[in-house]
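run_14.pdb (PDB, C-alpha atoms and all ligand atoms)
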```
MODEL        1
ATOM      1  CA  MET A   1     -17.486  29.839  -7.744
ATOM      2  CA  SER A   2     -14.840  27.101  -7.433
ATOM      3  CA  LYS A   3     -13.307  26.247  -4.094
ATOM      4  CA  ASP A   4      -9.847  24.905  -3.271
ATOM      5  CA  THR A   5      -8.216  22.151  -5.282
ATOM      6  CA  PHE A   6      -8.090  18.540  -4.057
ATOM      7  CA  LEU A   7      -5.431  16.135  -5.312
ATOM      8  CA  ILE A   8      -6.860  12.593  -5.363
ATOM      9  CA  THR A   9      -4.602   9.578  -5.855
ATOM     10  CA  GLY A  10      -6.066   6.451  -7.431
ATOM     11  CA  ALA A  11      -8.764   8.576  -9.066
ATOM     12  CA  SER A  12      -9.102   6.463 -12.222
ATOM     13  CA  ASP A  13     -11.360   3.864 -10.590
ATOM     14  CA  GLY A  14     -13.256   2.738  -7.496
ATOM     15  CA  ILE A  15     -13.222   4.829  -4.346
ATOM     16  CA  GLY A  16     -10.951   7.540  -5.777
ATOM     17  CA  ALA A  17     -13.180   8.085  -8.810
ATOM     18  CA  VAL A  18     -16.225   8.515  -6.555
ATOM     19  CA  TYR A  19     -14.303  11.001  -4.365
ATOM     20  CA  ALA A  20     -13.549  12.908  -7.577
ATOM     21  CA  ASP A  21     -17.229  12.996  -8.488
ATOM     22  CA  ARG A  22     -18.379  14.029  -5.022
ATOM     23  CA  LEU A  23     -15.719  16.703  -4.500
ATOM     24  CA  ALA A  24     -16.463  18.131  -7.971
ATOM     25  CA  ARG A  25     -20.149  18.280  -7.012
ATOM     26  CA  ARG A  26     -19.098  20.276  -3.952
ATOM     27  CA  GLY A  27     -17.416  22.775  -6.284
ATOM     28  CA  HIS A  28     -13.791  21.789  -5.758
ATOM     29  CA  ASN A  29     -11.232  21.908  -8.527
ATOM     30  CA  LEU A  30      -9.369  18.633  -8.852
ATOM     31  CA  LEU A  31      -6.008  17.169  -9.735
ATOM     32  CA  LEU A  32      -6.531  13.482 -10.525
ATOM     33  CA  VAL A  33      -3.616  11.056 -10.208
ATOM     34  CA  ALA A  34      -3.304   7.399 -11.285
ATOM     35  CA  ARG A  35      -1.414   5.414 -13.924
ATOM     36  CA  ARG A  36      -4.154   5.068 -16.575
ATOM     37  CA  ALA A  37      -4.081   8.447 -18.345
ATOM     38  CA  GLU A  38      -7.064   7.821 -20.650
ATOM     39  CA  ARG A  39      -9.381   6.913 -17.801
ATOM     40  CA  LEU A  40      -8.303  10.028 -15.903
ATOM     41  CA  ALA A  41      -8.854  12.204 -18.990
ATOM     42  CA  ALA A  42     -12.353  10.787 -19.565
ATOM     43  CA  LEU A  43     -13.321  11.344 -15.925
ATOM     44  CA  ALA A  44     -11.873  14.865 -15.983
ATOM     45  CA  ALA A  45     -13.870  15.772 -19.103
ATOM     46  CA  ARG A  46     -17.084  14.408 -17.593
ATOM     47  CA  LEU A  47     -16.649  16.226 -14.269
ATOM     48  CA  GLN A  48     -15.691  19.525 -15.888
ATOM     49  CA  ALA A  49     -18.750  19.397 -18.127
ATOM     50  CA  ALA A  50     -21.128  18.321 -15.371
ATOM     51  CA  HIS A  51     -19.951  20.540 -12.520
ATOM     52  CA  GLY A  52     -18.084  23.469 -14.085
ATOM     53  CA  VAL A  53     -14.919  22.889 -12.075
ATOM     54  CA  ALA A  54     -11.346  22.745 -13.344
ATOM     55  CA  VAL A  55     -10.019  19.184 -13.442
ATOM     56  CA  GLU A  56      -6.394  18.450 -14.283
ATOM     57  CA  THR A  57      -4.836  15.016 -14.585
ATOM     58  CA  LEU A  58      -1.367  13.749 -13.790
ATOM     59  CA  ALA A  59      -0.531  10.210 -14.897
ATOM     60  CA  ALA A  60       1.986   8.787 -12.445
ATOM     61  CA  ASP A  61       2.975   5.430 -11.011
ATOM     62  CA  LEU A  62       3.181   6.187  -7.297
ATOM     63  CA  ALA A  63       4.969   2.918  -6.586
ATOM     64  CA  ARG A  64       7.947   4.164  -8.600
ATOM     65  CA  PRO A  65      10.380   6.906  -7.551
ATOM     66  CA  GLU A  66       9.867   9.183 -10.592
ATOM     67  CA  GLY A  67       6.074   9.085 -10.360
ATOM     68  CA  LEU A  68       6.068   9.737  -6.639
ATOM     69  CA  ALA A  69       8.548  12.610  -6.988
ATOM     70  CA  ALA A  70       6.395  14.291  -9.661
ATOM     71  CA  VAL A  71       3.291  14.241  -7.464
ATOM     72  CA  GLU A  72       5.245  15.291  -4.383
ATOM     73  CA  ALA A  73       6.561  18.300  -6.292
ATOM     74  CA  ARG A  74       3.019  19.430  -7.174
ATOM     75  CA  LEU A  75       1.917  19.088  -3.558
ATOM     76  CA  ARG A  76       4.903  21.062  -2.325
ATOM     77  CA  GLU A  77       4.754  23.851  -4.860
ATOM     78  CA  ASP A  78       1.161  24.367  -6.010
ATOM     79  CA  ALA A  79      -0.443  26.717  -3.499
ATOM     80  CA  ALA A  80      -3.901  26.121  -5.010
ATOM     81  CA  ILE A  81      -3.888  22.521  -3.715
ATOM     82  CA  THR A  82      -5.234  22.528  -0.180
ATOM     83  CA  GLY A  83      -6.701  19.023  -0.071
ATOM     84  CA  LEU A  84      -5.180  15.557  -0.475
ATOM     85  CA  VAL A  85      -7.075  12.283  -0.735
ATOM     86  CA  ASN A  86      -4.384   9.664  -0.178
ATOM     87  CA  ASN A  87      -6.389   6.811  -1.691
ATOM     88  CA  ALA A  88      -4.345   4.774  -4.203
ATOM     89  CA  GLY A  89      -3.667   1.295  -2.875
ATOM     90  CA  ILE A  90      -3.464  -2.339  -3.889
ATOM     91  CA  ALA A  91      -4.305  -5.543  -2.007
ATOM     92  CA  GLY A  92      -4.420  -9.303  -2.387
ATOM     93  CA  GLU A  93      -0.810 -10.398  -2.070
ATOM     94  CA  GLY A  94      -1.714 -13.953  -0.978
ATOM     95  CA  MET A  95      -0.210 -16.113   1.753
ATOM     96  CA  ILE A  96       3.122 -15.176   3.361
ATOM     97  CA  THR A  97       4.468 -18.580   2.318
ATOM     98  CA  GLU A  98       3.899 -17.689  -1.345
ATOM     99  CA  LEU A  99       4.824 -14.013  -1.334
ATOM    100  CA  ASP A 100       6.056 -12.472  -4.591
ATOM    101  CA  PRO A 101       8.839 -10.071  -3.521
ATOM    102  CA  VAL A 102       8.309  -7.718  -6.470
ATOM    103  CA  ASN A 103       4.566  -7.484  -5.888
ATOM    104  CA  VAL A 104       4.913  -6.910  -2.158
ATOM    105  CA  THR A 105       7.569  -4.253  -2.667
ATOM    106  CA  GLY A 106       5.203  -2.433  -4.996
ATOM    107  CA  MET A 107       2.413  -2.741  -2.422
ATOM    108  CA  ILE A 108       4.556  -1.300   0.357
ATOM    109  CA  ASN A 109       5.812   1.471  -1.930
ATOM    110  CA  LEU A 110       2.243   2.447  -2.841
ATOM    111  CA  ASN A 111       0.301   1.760   0.368
ATOM    112  CA  ILE A 112       2.933   3.067   2.806
ATOM    113  CA  LEU A 113       5.734   5.041   1.191
ATOM    114  CA  ALA A 114       3.609   7.087  -1.208
ATOM    115  CA  VAL A 115       0.983   7.854   1.459
ATOM    116  CA  THR A 116       3.711   9.041   3.819
ATOM    117  CA  ARG A 117       5.638  11.138   1.355
ATOM    118  CA  LEU A 118       2.573  12.771  -0.195
ATOM    119  CA  ALA A 119       1.224  13.763   3.212
ATOM    120  CA  ALA A 120       4.666  15.062   4.161
ATOM    121  CA  ALA A 121       4.852  17.028   0.897
ATOM    122  CA  ILE A 122       1.635  18.970   1.526
ATOM    123  CA  ALA A 123       1.814  19.232   5.334
ATOM    124  CA  PRO A 124       4.256  22.164   5.607
ATOM    125  CA  ARG A 125       2.118  24.409   3.375
ATOM    126  CA  LEU A 126      -1.117  23.487   5.131
ATOM    127  CA  ALA A 127       0.387  23.921   8.594
ATOM    128  CA  ALA A 128       1.833  27.298   7.591
ATOM    129  CA  THR A 129      -1.524  28.588   6.328
ATOM    130  CA  GLY A 130      -3.538  26.930   9.098
ATOM    131  CA  ARG A 131      -6.056  25.288   6.791
ATOM    132  CA  GLY A 132      -6.599  22.376   4.427
ATOM    133  CA  THR A 133      -7.545  18.721   4.487
ATOM    134  CA  ILE A 134      -5.735  15.389   4.351
ATOM    135  CA  ILE A 135      -7.870  12.260   3.944
ATOM    136  CA  ASN A 136      -6.041   8.949   4.261
ATOM    137  CA  ILE A 137      -7.864   5.830   3.093
ATOM    138  CA  THR A 138      -6.915   2.970   5.389
ATOM    139  CA  SER A 139      -9.134  -0.121   5.961
ATOM    140  CA  VAL A 140     -10.957  -2.023   8.678
ATOM    141  CA  THR A 141      -8.295  -4.694   8.152
ATOM    142  CA  ALA A 142      -6.032  -2.331  10.135
ATOM    143  CA  LEU A 143      -8.153  -3.395  13.131
ATOM    144  CA  MET A 144      -8.022  -7.141  12.369
ATOM    145  CA  PRO A 145      -4.475  -7.948  11.301
ATOM    146  CA  ALA A 146      -4.879 -11.733  11.385
ATOM    147  CA  ALA A 147      -8.140 -12.010   9.461
ATOM    148  CA  PHE A 148      -6.903 -11.469   5.908
ATOM    149  CA  THR A 149      -3.481 -11.565   4.243
ATOM    150  CA  ALA A 150      -0.346 -10.586   6.199
ATOM    151  CA  VAL A 151       1.049  -7.543   4.404
ATOM    152  CA  TYR A 152      -1.992  -5.583   3.194
ATOM    153  CA  PRO A 153      -3.583  -5.184   6.669
ATOM    154  CA  ALA A 154      -0.183  -4.229   8.062
ATOM    155  CA  THR A 155       0.166  -1.502   5.425
ATOM    156  CA  LYS A 156      -3.270  -0.225   6.433
ATOM    157  CA  ALA A 157      -2.344  -0.373  10.137
ATOM    158  CA  PHE A 158       0.610   1.834   9.232
ATOM    159  CA  VAL A 159      -1.729   4.322   7.547
ATOM    160  CA  LEU A 160      -4.028   4.307  10.579
ATOM    161  CA  ALA A 161      -1.169   4.966  13.014
ATOM    162  CA  PHE A 162       0.319   7.569  10.675
ATOM    163  CA  THR A 163      -3.044   9.328  10.408
ATOM    164  CA  GLU A 164      -3.425   9.521  14.176
ATOM    165  CA  ALA A 165       0.069  10.993  14.446
ATOM    166  CA  LEU A 166      -0.700  13.539  11.721
ATOM    167  CA  GLN A 167      -3.823  14.526  13.629
ATOM    168  CA  ALA A 168      -1.784  15.100  16.776
ATOM    169  CA  GLN A 169       0.698  17.275  14.891
ATOM    170  CA  LEU A 170      -1.477  19.107  12.352
ATOM    171  CA  SER A 171      -4.913  19.535  13.941
ATOM    172  CA  PRO A 172      -3.644  22.150  16.422
ATOM    173  CA  ALA A 173      -2.418  24.124  13.389
ATOM    174  CA  GLY A 174      -5.929  24.054  11.874
ATOM    175  CA  VAL A 175      -5.466  21.257   9.327
ATOM    176  CA  ARG A 176      -8.238  18.639   9.066
ATOM    177  CA  VAL A 177      -6.915  15.084   8.980
ATOM    178  CA  GLN A 178      -9.330  12.180   8.550
ATOM    179  CA  GLY A 179      -8.656   8.452   8.408
ATOM    180  CA  VAL A 180     -11.276   6.449   6.530
ATOM    181  CA  LEU A 181     -11.591   2.726   7.303
ATOM    182  CA  PRO A 182     -13.789   1.124   4.658
ATOM    183  CA  GLY A 183     -15.040  -2.417   5.062
ATOM    184  CA  ILE A 184     -15.527  -4.549   1.964
ATOM    185  CA  THR A 185     -16.468  -2.119  -0.782
ATOM    186  CA  ARG A 186     -17.593  -3.138  -4.256
ATOM    187  CA  THR A 187     -14.692  -2.031  -6.492
ATOM    188  CA  ALA A 188     -12.222  -3.564  -8.930
ATOM    189  CA  ILE A 189      -9.776  -4.200  -6.075
ATOM    190  CA  TRP A 190     -11.833  -7.379  -5.614
ATOM    191  CA  GLU A 191     -12.164 -10.106  -8.210
ATOM    192  CA  GLU A 192     -15.846 -10.272  -9.114
ATOM    193  CA  GLU A 193     -15.932 -14.027  -8.373
ATOM    194  CA  LYS A 194     -14.548 -13.407  -4.890
ATOM    195  CA  LEU A 195     -17.169 -10.737  -4.185
ATOM    196  CA  GLU A 196     -19.877 -13.221  -5.219
ATOM    197  CA  THR A 197     -18.728 -15.588  -2.478
ATOM    198  CA  LEU A 198     -19.093 -12.951   0.273
ATOM    199  CA  PRO A 199     -22.359 -12.341   2.135
ATOM    200  CA  ALA A 200     -24.105  -9.412   0.430
ATOM    201  CA  ALA A 201     -24.743  -7.886   3.850
ATOM    202  CA  MET A 202     -20.993  -7.374   4.257
ATOM    203  CA  VAL A 203     -20.387  -5.563   0.966
ATOM    204  CA  MET A 204     -21.036  -1.815   0.617
ATOM    205  CA  ASP A 205     -21.537  -0.017  -2.687
ATOM    206  CA  VAL A 206     -18.714   2.393  -3.383
ATOM    207  CA  GLU A 207     -20.958   5.463  -3.681
ATOM    208  CA  GLU A 208     -22.454   4.833  -0.241
ATOM    209  CA  MET A 209     -18.984   4.273   1.235
ATOM    210  CA  VAL A 210     -17.635   7.585  -0.065
ATOM    211  CA  ASP A 211     -20.797   9.532   0.788
ATOM    212  CA  ALA A 212     -20.606   8.237   4.358
ATOM    213  CA  ALA A 213     -16.891   9.095   4.570
ATOM    214  CA  LEU A 214     -17.531  12.653   3.403
ATOM    215  CA  ALA A 215     -20.433  12.966   5.838
ATOM    216  CA  GLY A 216     -17.985  11.802   8.524
ATOM    217  CA  LEU A 217     -15.566  14.515   7.431
ATOM    218  CA  ASP A 218     -18.336  17.110   7.684
ATOM    219  CA  LEU A 219     -19.139  15.818  11.180
ATOM    220  CA  GLY A 220     -15.512  16.354  12.171
ATOM    221  CA  GLU A 221     -14.763  12.659  12.676
ATOM    222  CA  ALA A 222     -11.047  11.923  12.997
ATOM    223  CA  LEU A 223     -11.619   8.284  12.033
ATOM    224  CA  THR A 224     -14.588   7.157   9.976
ATOM    225  CA  VAL A 225     -15.750   3.546   9.777
ATOM    226  CA  PRO A 226     -18.659   3.876   7.345
ATOM    227  CA  SER A 227     -20.606   0.832   8.519
ATOM    228  CA  LEU A 228     -20.028   1.134  12.267
ATOM    229  CA  PRO A 229     -23.433   1.822  13.851
ATOM    230  CA  ASP A 230     -22.124   3.394  17.057
ATOM    231  CA  THR A 231     -18.929   5.478  17.159
ATOM    232  CA  ALA A 232     -18.813   4.856  20.929
ATOM    233  CA  ASP A 233     -17.492   1.365  20.098
ATOM    234  CA  LEU A 234     -14.499   2.853  18.273
ATOM    235  CA  ASP A 235     -13.996   5.377  21.069
ATOM    236  CA  ALA A 236     -13.979   2.516  23.614
ATOM    237  CA  TYR A 237     -11.350   0.653  21.596
ATOM    238  CA  LEU A 238      -9.143   3.746  21.421
ATOM    239  CA  ALA A 239      -9.675   4.459  25.125
ATOM    240  CA  ALA A 240      -8.667   0.890  26.029
ATOM    241  CA  ARG A 241      -5.454   1.360  24.058
ATOM    242  CA  ASP A 242      -4.800   4.727  25.748
ATOM    243  CA  ALA A 243      -5.339   3.102  29.162
ATOM    244  CA  LEU A 244      -2.198   0.991  28.570
ATOM    245  CA  ARG A 245       0.005   4.066  28.302
ATOM    246  CA  PRO A 246       1.035   4.607  31.937
ATOM    247  CA  ASN A 247       2.573   1.105  32.001
ATOM    248  CA  LEU A 248       4.079   0.868  28.545
ATOM    249  CA  SER A 249       7.479   2.254  29.514
ATOM    250  CA  LEU A 250       8.732   1.727  33.078
ATOM    251  CA  ALA A 251      12.178   1.311  34.596
ATOM    252  CA  ARG A 252      11.473  -2.183  35.939
ATOM    253  CA  ALA A 253      10.204  -5.326  34.206
ATOM    254  CA  ALA A 254       6.854  -6.767  35.253
ATOM    255  CA  ALA A 255       6.720  -9.101  38.263
ATOM    256  CA  ARG A 256       5.735 -12.144  36.150
ATOM    257  CA  TYR A 257       9.230 -12.238  34.590
ATOM    258  CA  GLY A 258      10.736 -13.209  37.934
ATOM    259  CA  LEU A 259      13.382 -10.499  38.149
ATOM    260  CA  GLY A 260      12.572  -9.718  41.750
ATOM    261  CA  ASN A 261      10.269  -6.803  41.020
ATOM    262  CA  ALA A 262       7.231  -6.915  43.202
TER     263      ALA A 262
HETATM  264  P1  LIG B   1      -9.479   0.072  -7.141
HETATM  265  O1  LIG B   1     -10.865   0.186  -7.656
HETATM  266  O2  LIG B   1      -8.624  -1.057  -7.601
HETATM  267  O3  LIG B   1      -8.731   1.451  -7.435
HETATM  268  C1  LIG B   1      -7.389   1.619  -7.109
HETATM  269  C2  LIG B   1      -6.913   2.930  -7.678
HETATM  270  O4  LIG B   1      -5.516   3.071  -7.375
HETATM  271  C3  LIG B   1      -7.059   2.991  -9.185
HETATM  272  O5  LIG B   1      -7.432   4.276  -9.559
HETATM  273  C4  LIG B   1      -5.641   2.704  -9.682
HETATM  274  O6  LIG B   1      -5.458   3.363 -10.909
HETATM  275  C5  LIG B   1      -4.805   3.325  -8.577
HETATM  276  N1  LIG B   1      -3.476   2.762  -8.505
HETATM  277  C6  LIG B   1      -3.150   1.442  -8.355
HETATM  278  N2  LIG B   1      -1.816   1.298  -8.390
HETATM  279  C7  LIG B   1      -1.304   2.549  -8.557
HETATM  280  C8  LIG B   1       0.010   3.049  -8.695
HETATM  281  N3  LIG B   1       1.078   2.233  -8.664
HETATM  282  N4  LIG B   1       0.200   4.384  -8.865
HETATM  283  C9  LIG B   1      -0.869   5.210  -8.922
HETATM  284  N5  LIG B   1      -2.139   4.790  -8.798
HETATM  285  C10 LIG B   1      -2.345   3.479  -8.627
HETATM  286  O7  LIG B   1      -9.452   0.002  -5.568
HETATM  287  P2  LIG B   1     -10.352   0.716  -4.453
HETATM  288  O8  LIG B   1     -11.168  -0.334  -3.812
HETATM  289  O9  LIG B   1     -11.011   1.919  -4.991
HETATM  290  O10 LIG B   1      -9.213   1.108  -3.424
HETATM  291  C11 LIG B   1      -8.908   2.443  -3.066
HETATM  292  C12 LIG B   1      -8.322   2.441  -1.672
HETATM  293  O11 LIG B   1      -9.304   1.957  -0.754
HETATM  294  C13 LIG B   1      -7.092   1.543  -1.496
HETATM  295  O12 LIG B   1      -6.138   2.197  -0.692
HETATM  296  C14 LIG B   1      -7.651   0.342  -0.768
HETATM  297  O13 LIG B   1      -6.675  -0.304   0.014
HETATM  298  C15 LIG B   1      -8.730   0.986   0.075
HETATM  299  N6  LIG B   1      -9.767   0.067   0.554
HETATM  300  C16 LIG B   1     -10.568  -0.584  -0.324
HETATM  301  C17 LIG B   1     -11.513  -1.462   0.171
HETATM  302  C18 LIG B   1     -12.432  -2.237  -0.740
HETATM  303  O14 LIG B   1     -13.048  -3.223  -0.278
HETATM  304  N7  LIG B   1     -12.583  -1.842  -1.995
HETATM  305  C19 LIG B   1     -11.650  -1.679   1.563
HETATM  306  C20 LIG B   1     -10.805  -0.987   2.412
HETATM  307  C21 LIG B   1      -9.872  -0.108   1.905
HETATM  308  P3  LIG B   1      -4.460   2.923 -12.093
HETATM  309  O15 LIG B   1      -4.603   1.431 -12.251
HETATM  310  O16 LIG B   1      -4.976   3.711 -13.241
HETATM  311  O17 LIG B   1      -3.105   3.358 -11.644
ENDMDL
END
```
Produce structure tokens that represent the structure in this file.
Ligand code: NAP
Amino acid sequence: MSKDTFLITGASDGIGAVYADRLARRGHNLLLVARRAERLAALAARLQAAHGVAVETLAADLARPEGLAAVEARLREDAAITGLVNNAGIAGEGMITELDPVNVTGMINLNILAVTRLAAAIAPRLAATGRGTIINITSVTALMPAAFTAVYPATKAFVLAFTEALQAQLSPAGVRVQGVLPGITRTAIWEEEKLETLPAAMVMDVEEMVDAALAGLDLGEALTVPSLPDTADLDAYLAARDALRPNLSLARAAARYGLGNA
């Protein structure tokens, strides 16, 4: 018996393709989205044959208005879709001093705009029915904005903040929202030569990454960092941030600015 349908963006390769495999194994029907139609069709045929689920494909460029609008429309209108894996993303824009404006616009369109609009397209239906799942793939670079390139980690910090806000708004209505923060994961997002230069102990295989993320979902984790040994460390980080709140907006400036406020 098939369960609800998940729409997975970036399903033609890497993390998204493994989500497709794992969700099909769990009996979910799928709607696979990416630009490369033939790869999607081949994956769909394999998963349908292996797991007896219905797998549809929708070739769309989510960095472009027409592609995004087509996928948004499906999420708004297709009541069978009760799960979204907001996964498609690109990285590697280089140094800020050498930024290609076209490339970085595409990155922001895909990593930020598409993630936002797709979540917003499905949220009203899920909130109204009080069920469903949104999984946003962010990155550990969201937690270390100065350790990589400038724009990619900032796009992932957006997705992390957006996910926490979605949780605040949708969890009370019964919608599961999970943010997944992978570390370095062996996929085509990395040039093979670059991966070879990284310590093997820092690079996770993509199957293990996705299996851990889905186990985190089953455990009810709001944020999943697949390699983090102790979730108390993440909780402590979030608690330290929350502890700032009482002083983040006050009528008077802090004493160190010399405005006469004791
Ligand atoms: P990947 O192997 O390069 O796969 C990216 C997927 O996104 C592909 O299916 C690609 O398919 C799709 N895609 C790219 N541009 C698109 C567009 N304009 N419209 C629609 N689909 C598009 O990368 P990955 O490592 O699996 O990355 C998946 C997500 O994980 C990304 O959000 C990434 O930031 C995040 N992440 C990855 C790592 C890592 O180390 N791998 C770490 C942290 C976070 P088409 O080319 O067919 O469109």
## Note on the structure
Judged by all atoms listed in the file, the minimum distance to ligand LIG 1 (chain B) among A:Ala200, A:Val71, A:Ala88, A:Ala41 is found for A:Ala88
### Query
Would you name the residues within 8 Å of ligand LIG 1 (chain B), counting all atoms listed in the file, and put them as a ChimeraX atom specification?
/A:9-17,33-37,39-40,59-64,67,86-91,106,110-111,137-141,152,156,181-190,203,206
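We find atom CA of Glu207 of chain A and atom CA of Tyr19 of chain A to be spaced 8.7 Å apart.
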### Query
Which residues come within 10 Å of Leu47 of chain A, counting all atoms listed in the file, excluding same-chain residues fewer than 3 positions away, as number ranges by chain?
A: 20-25, 29-30, 41-44, 50-55
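When atom CA of Ala128 of chain A is paired with atom CA of Gly174 of chain A, their separation reads 9.4 Å.
If you measure from each of A:Ala147, A:Leu68, A:Leu126, A:Ile134 to Ala114 of chain A using all atoms listed in the file, the closest one turns out to be A:Leu68.
In terms of minimum interatomic distance to Gly216 of chain A, A:Val180 ranks closest within A:Val180, A:Ala243, A:Leu75, A:Leu58, counting all atoms listed in the file.
When only C-alpha atoms are used to compute distances to Tyr237 of chain A, the closest of the residues A:Leu143, A:Val104, A:Ala49, A:Ile96 turns out to be A:Leu143.
Candidate residues A:Val102, A:Ala165, A:Ala232, A:Asn109 were compared for distance to Pro65 of chain A, and the nearest is A:Asn109, using only C-alpha atoms.
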Starting from 8 Å padding per side, set up an axis-aligned box that covers all listed atoms of segment 26-45 of chain A and hand over centre and edge lengths in Å, one decimal, as lines of an AutoDock Vina configuration file.
```
center_x = -10.3
center_y = 13.9
center_z = -12.3
size_x = 33.7
size_y = 33.7
size_z = 32.7
```
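The interatomic distance for the pair atom CA of Ala73 of chain A and atom CA of Val18 of chain A works out to 24.8 Å.
What the PyMOL selection byres (((chain A and resi 226) around 10) and not hetatm) picks from this file is Val140, Val180, Leu181, Pro182, Gly183, Met204, Glu208, Met209, Val210, Asp211, Ala212, Ala213, Leu214, Ala215, Gly216, Leu223, Thr224, Val225, Ser227, Leu228, Pro229 and Thr231 of chain A.
Nearest to Ala120 of chain A of all the residues A:Asp205, A:Asp218, A:Glu72, A:Asp242 is A:Glu72, counting only C-alpha atoms.
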Got a sec to write segment 120-173 of chain A of the block to a file, C-alpha atoms, as an mmCIF file, in the first residue's frame?
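Final output, selection.cif:
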```cif
data_model
loop_
_atom_site.group_PDB
_atom_site.id
_atom_site.type_symbol
_atom_site.label_atom_id
_atom_site.label_comp_id
_atom_site.auth_asym_id
_atom_site.auth_seq_id
_atom_site.Cartn_x
_atom_site.Cartn_y
_atom_site.Cartn_z
ATOM 1 C CA ALA A 120 5.308 28.662 1.066
ATOM 2 C CA ALA A 121 3.444 26.886 -1.749
ATOM 3 C CA ILE A 122 2.842 23.697 0.247
ATOM 4 C CA ALA A 123 2.498 25.216 3.737
ATOM 5 C CA PRO A 124 -1.138 26.387 3.512
ATOM 6 C CA ARG A 125 -2.399 22.921 2.520
ATOM 7 C CA LEU A 126 -0.349 21.146 5.175
ATOM 8 C CA ALA A 127 -1.345 23.607 7.895
ATOM 9 C CA ALA A 128 -5.009 23.282 6.908
ATOM 10 C CA THR A 129 -4.938 19.476 7.118
ATOM 11 C CA GLY A 130 -2.671 19.392 10.174
ATOM 12 C CA ARG A 131 -0.185 16.927 8.721
ATOM 13 C CA GLY A 132 2.739 16.575 6.336
ATOM 14 C CA THR A 133 6.482 17.064 6.234
ATOM 15 C CA ILE A 134 8.896 19.723 5.009
ATOM 16 C CA ILE A 135 12.600 18.832 4.973
ATOM 17 C CA ASN A 136 14.982 21.673 4.162
ATOM 18 C CA ILE A 137 18.568 20.755 3.313
ATOM 19 C CA THR A 138 20.844 23.444 4.706
ATOM 20 C CA SER A 139 24.535 22.842 5.610
ATOM 21 C CA VAL A 140 26.958 22.986 8.514
ATOM 22 C CA THR A 141 28.442 25.994 6.713
ATOM 23 C CA ALA A 142 25.387 27.864 8.056
ATOM 24 C CA LEU A 143 27.140 27.567 11.439
ATOM 25 C CA MET A 144 30.573 28.695 10.180
ATOM 26 C CA PRO A 145 30.003 31.602 7.814
ATOM 27 C CA ALA A 146 33.662 32.609 7.523
ATOM 28 C CA ALA A 147 35.157 29.180 6.875
ATOM 29 C CA PHE A 148 34.224 28.690 3.223
ATOM 30 C CA THR A 149 33.047 31.014 0.447
ATOM 31 C CA ALA A 150 30.949 34.102 1.265
ATOM 32 C CA VAL A 151 27.621 33.547 -0.480
ATOM 33 C CA TYR A 152 26.952 29.800 -0.244
ATOM 34 C CA PRO A 153 27.147 29.628 3.590
ATOM 35 C CA ALA A 154 24.977 32.737 3.790
ATOM 36 C CA THR A 155 22.340 31.075 1.598
ATOM 37 C CA LYS A 156 22.433 28.076 3.932
ATOM 38 C CA ALA A 157 22.191 30.337 7.003
ATOM 39 C CA PHE A 158 19.047 31.747 5.409
ATOM 40 C CA VAL A 159 17.630 28.234 5.027
ATOM 41 C CA LEU A 160 18.478 27.432 8.649
ATOM 42 C CA ALA A 161 16.775 30.580 9.964
ATOM 43 C CA PHE A 162 13.825 30.050 7.624
ATOM 44 C CA THR A 163 13.455 26.458 8.820
ATOM 45 C CA GLU A 164 13.385 27.505 12.463
ATOM 46 C CA ALA A 165 10.710 30.084 11.661
ATOM 47 C CA LEU A 166 8.661 27.495 9.765
ATOM 48 C CA GLN A 167 8.898 25.210 12.779
ATOM 49 C CA ALA A 168 7.575 27.958 15.035
ATOM 50 C CA GLN A 169 4.646 28.601 12.700
ATOM 51 C CA LEU A 170 3.783 25.130 11.381
ATOM 52 C CA SER A 171 4.658 22.649 14.136
ATOM 53 C CA PRO A 172 1.737 23.772 16.329
ATOM 54 C CA ALA A 173 -0.526 22.971 13.356
#
```
